[in-house]
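A quick write-up on the structure given underneath.
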Amino acid sequence: MAETAKPSAKLPGRRGGPTLPFKERVARALAAEAARRVLPGDRDAYLRGLNLLCIGATHGLAGIRAEVASKLGQIEALPRAATPRWVLNAAGEPEENDSPVWGLDAERAAAAASLNELRKAFAVAAYHHWERSVSAWWHAAHPDARTGSGQTKATKQEEAPRGFKELARHAGALSAPPDPTLRQVATLSNALKHNSEQRWHEPKAQWPELIAHDCSDYRADWTDTIQLTDAQLLEVFQAVQRSGPRDADVRDDGWAALPFTPRDDT
């Protein structure tokens with residue numbers, strides 16, 4: 001006589017996932033709903049964090065620009081006799097004279113170059129602000145989830161989202177879908193962090209305006225060719241802003257102005 005088939009212990013649609021007790025399923029559903037309800041409150045915290053990044057970038061760039069202006073002022077204040085020039089040494093070879101302008105101009109150039117480095121640092125920080133926020137929303141919706149070494153087969157389906165695609169999917173489920181341009185910001189952030197040829201080609205394809213020139217044969221620093229203007233950094237900030245929780249009454253064009261005003265200089 002054939003044995004009576006036993007009911008499956010798996011949830012429909014889940015491969016290998018055990019059936020959870022009814023009480024636990026209800027608890028998880030309530031936790032997810034609580035996360036959705038808390039997002040309006042998180043909206044203020046999310047925007048405060050982004051605004052602080054904008055303010056930090058504003059003051060940081062202003063400080064570097066002041067340093068550049070200071071070096072230029074020191075150069076202009078030097079007497080005409082200090083004009084830098086090339087002279088011939090005793091062997092008849094050209095060399096720099098001992099003008100202090102050489103050193104001051106090198107310091108000015110280094111400060112000017114750091115403007116771009118600071119913009120790139122704040123672009124990465126802004127994207128990470130979105131990543132950390134979505135991760136916090138996920139953990140609010142899954143308070144019992146275990147991660148890392150504490151994870152078991154029974155909790156495998158409760159892995160925290162990682163990477164842009166998984167984070168974007170979870171944010172969308174909480175009615176906070178990422179702005180379409182945030183993918184470009186994610187690509188830029190990865191290129192700046194990983195400094196590899198593969199990562200470099202991604203922003204070159206998605207956001208080619210950021211690539212100032214192709215890499216030379218010396219490829220120790222792929223990110224050196226990525227140049228961000230103030231206006232492009234503002235685009236990064238705006239993409240992160242539009243990817244956060246919003247009021248139901250806010251239209252796509254109704255976002256408040258961020259505390260960051262681009263300047264035209266490099």
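Just so we're on the same page: first chain in the structure tokens is A, next is B, and so on; residues restart at 1 for each chain, and ligands are numbered from 1 in the order they show up.
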Write out as JSON lines the residues of segment 38-129 of chain A that have any atom within 7 Å of an atom of segment 229-242 of chain A, one row each with the nearest atom pair and its distance in Å to one decimal, counting only C-alpha atoms, sorted by chain and then rising number.
```
{"residue": "A:Leu47", "atom": "CA", "partner": "A:Gln241", "partner_atom": "CA", "distance": 6.9}
{"residue": "A:Arg119", "atom": "CA", "partner": "A:Leu233", "partner_atom": "CA", "distance": 6.4}
{"residue": "A:Ala123", "atom": "CA", "partner": "A:Val236", "partner_atom": "CA", "distance": 6.3}
{"residue": "A:Ala126", "atom": "CA", "partner": "A:Phe237", "partner_atom": "CA", "distance": 6.5}
{"residue": "A:Tyr127", "atom": "CA", "partner": "A:Val240", "partner_atom": "CA", "distance": 6.7}
```
File of the preceding selection, N, CA and C atoms, as a JSON list (two decimals), in the first residue's frame:
```json
[["chain", "number", "residue", "atom", "x", "y", "z"],
["A", 47, "LEU", "N", 17.02, 63.65, 5.04],
["A", 47, "LEU", "CA", 17.34, 64.94, 4.43],
["A", 47, "LEU", "C", 18.31, 65.74, 5.30],
["A", 119, "ARG", "N", 35.51, 66.99, -4.02],
["A", 119, "ARG", "CA", 34.20, 66.73, -4.64],
["A", 119, "ARG", "C", 33.95, 65.23, -4.76],
["A", 123, "ALA", "N", 30.97, 62.96, -3.15],
["A", 123, "ALA", "CA", 30.08, 62.16, -4.00],
["A", 123, "ALA", "C", 29.95, 60.75, -3.45],
["A", 126, "ALA", "N", 27.87, 60.85, -0.23],
["A", 126, "ALA", "CA", 26.43, 61.01, -0.48],
["A", 126, "ALA", "C", 25.79, 59.69, -0.88],
["A", 127, "TYR", "N", 26.46, 58.94, -1.75],
["A", 127, "TYR", "CA", 25.91, 57.64, -2.15],
["A", 127, "TYR", "C", 25.85, 56.69, -0.96]]
```
Margin query: Give me the residues near Pro79 of chain A as an NGL selection string, where near means some atom within 12 Å (using only C-alpha atoms) and where sequence neighbours in that chain fewer than 4 positions away do not count.
Written below: :A and (74-75 or 83-84 or 99-101)
Note to self: Could you go through segment 74-260 of chain A and tell me which residues DSSP, when run on the backbone, assigns to strand (DSSP E or B), listing them as a ChimeraX atom specification?
What the structure shows: /A:86-88,94-96,211,226
Kindly export the residues of the current selection with N, CA and C atoms, as a tab-separated table (two decimals), in the first residue's frame.
```tsv
chain	number	residue	atom	x	y	z
A	86	TRP	N	64.00	80.65	-16.25
A	86	TRP	CA	65.03	79.65	-16.46
A	86	TRP	C	66.35	80.37	-16.74
A	87	VAL	N	67.41	79.88	-16.12
A	87	VAL	CA	68.74	80.46	-16.31
A	87	VAL	C	69.71	79.35	-16.67
A	88	LEU	N	70.83	79.73	-17.21
A	88	LEU	CA	71.86	78.75	-17.55
A	88	LEU	C	72.85	78.64	-16.40
A	94	PRO	N	70.04	74.61	-18.68
A	94	PRO	CA	68.95	75.42	-18.11
A	94	PRO	C	68.49	74.88	-16.77
A	95	GLU	N	68.23	75.77	-15.85
A	95	GLU	CA	67.69	75.38	-14.55
A	95	GLU	C	66.86	76.53	-14.00
A	96	GLU	N	66.02	76.22	-13.02
A	96	GLU	CA	65.17	77.24	-12.42
A	96	GLU	C	66.02	78.18	-11.57
A	211	ILE	N	34.77	61.95	-17.46
A	211	ILE	CA	36.10	61.47	-17.83
A	211	ILE	C	36.82	62.58	-18.57
A	226	ILE	N	38.95	61.09	-13.59
A	226	ILE	CA	37.58	61.48	-13.28
A	226	ILE	C	37.58	62.87	-12.66
```
Margin query: I want to know what sits within 12 Å of Ala125 of chain A, based on only C-alpha atoms, with residues of the same chain fewer than 5 positions away left out; could you give that as a PyMOL selection string?
Written below: chain A and resi 49-50+52-54+56-57+118-120+130-132+185-186+188-190+192-193+233+236-237+240
Margin query: Using DSSP secondary structure from the backbone, list all alpha helix (DSSP H) positions within segment 53-223 of chain A, as a ChimeraX atom specification.
Written below: /A:53-77,101-141,163-173,182-194,197-206
Next item on the list: Find, counting only C-alpha atoms, the residue in A:Glu209, A:Asp42, A:Glu166, A:Glu67 that gets nearest to Ala111 of chain A.
Entry: A:Glu67
Margin query: Taking 2 positions as the minimum chain separation for residues in the same chain, which residues sit within 12 Å of Leu167 of chain A when counting only C-alpha atoms? Answer as JSON, numbers by chain.
Written below: {"A": [127, 128, 130, 131, 132, 133, 134, 135, 136, 137, 138, 139, 159, 160, 161, 162, 163, 164, 165, 169, 170, 171, 172, 173, 174, 176, 177, 178, 182, 183, 186, 243]}
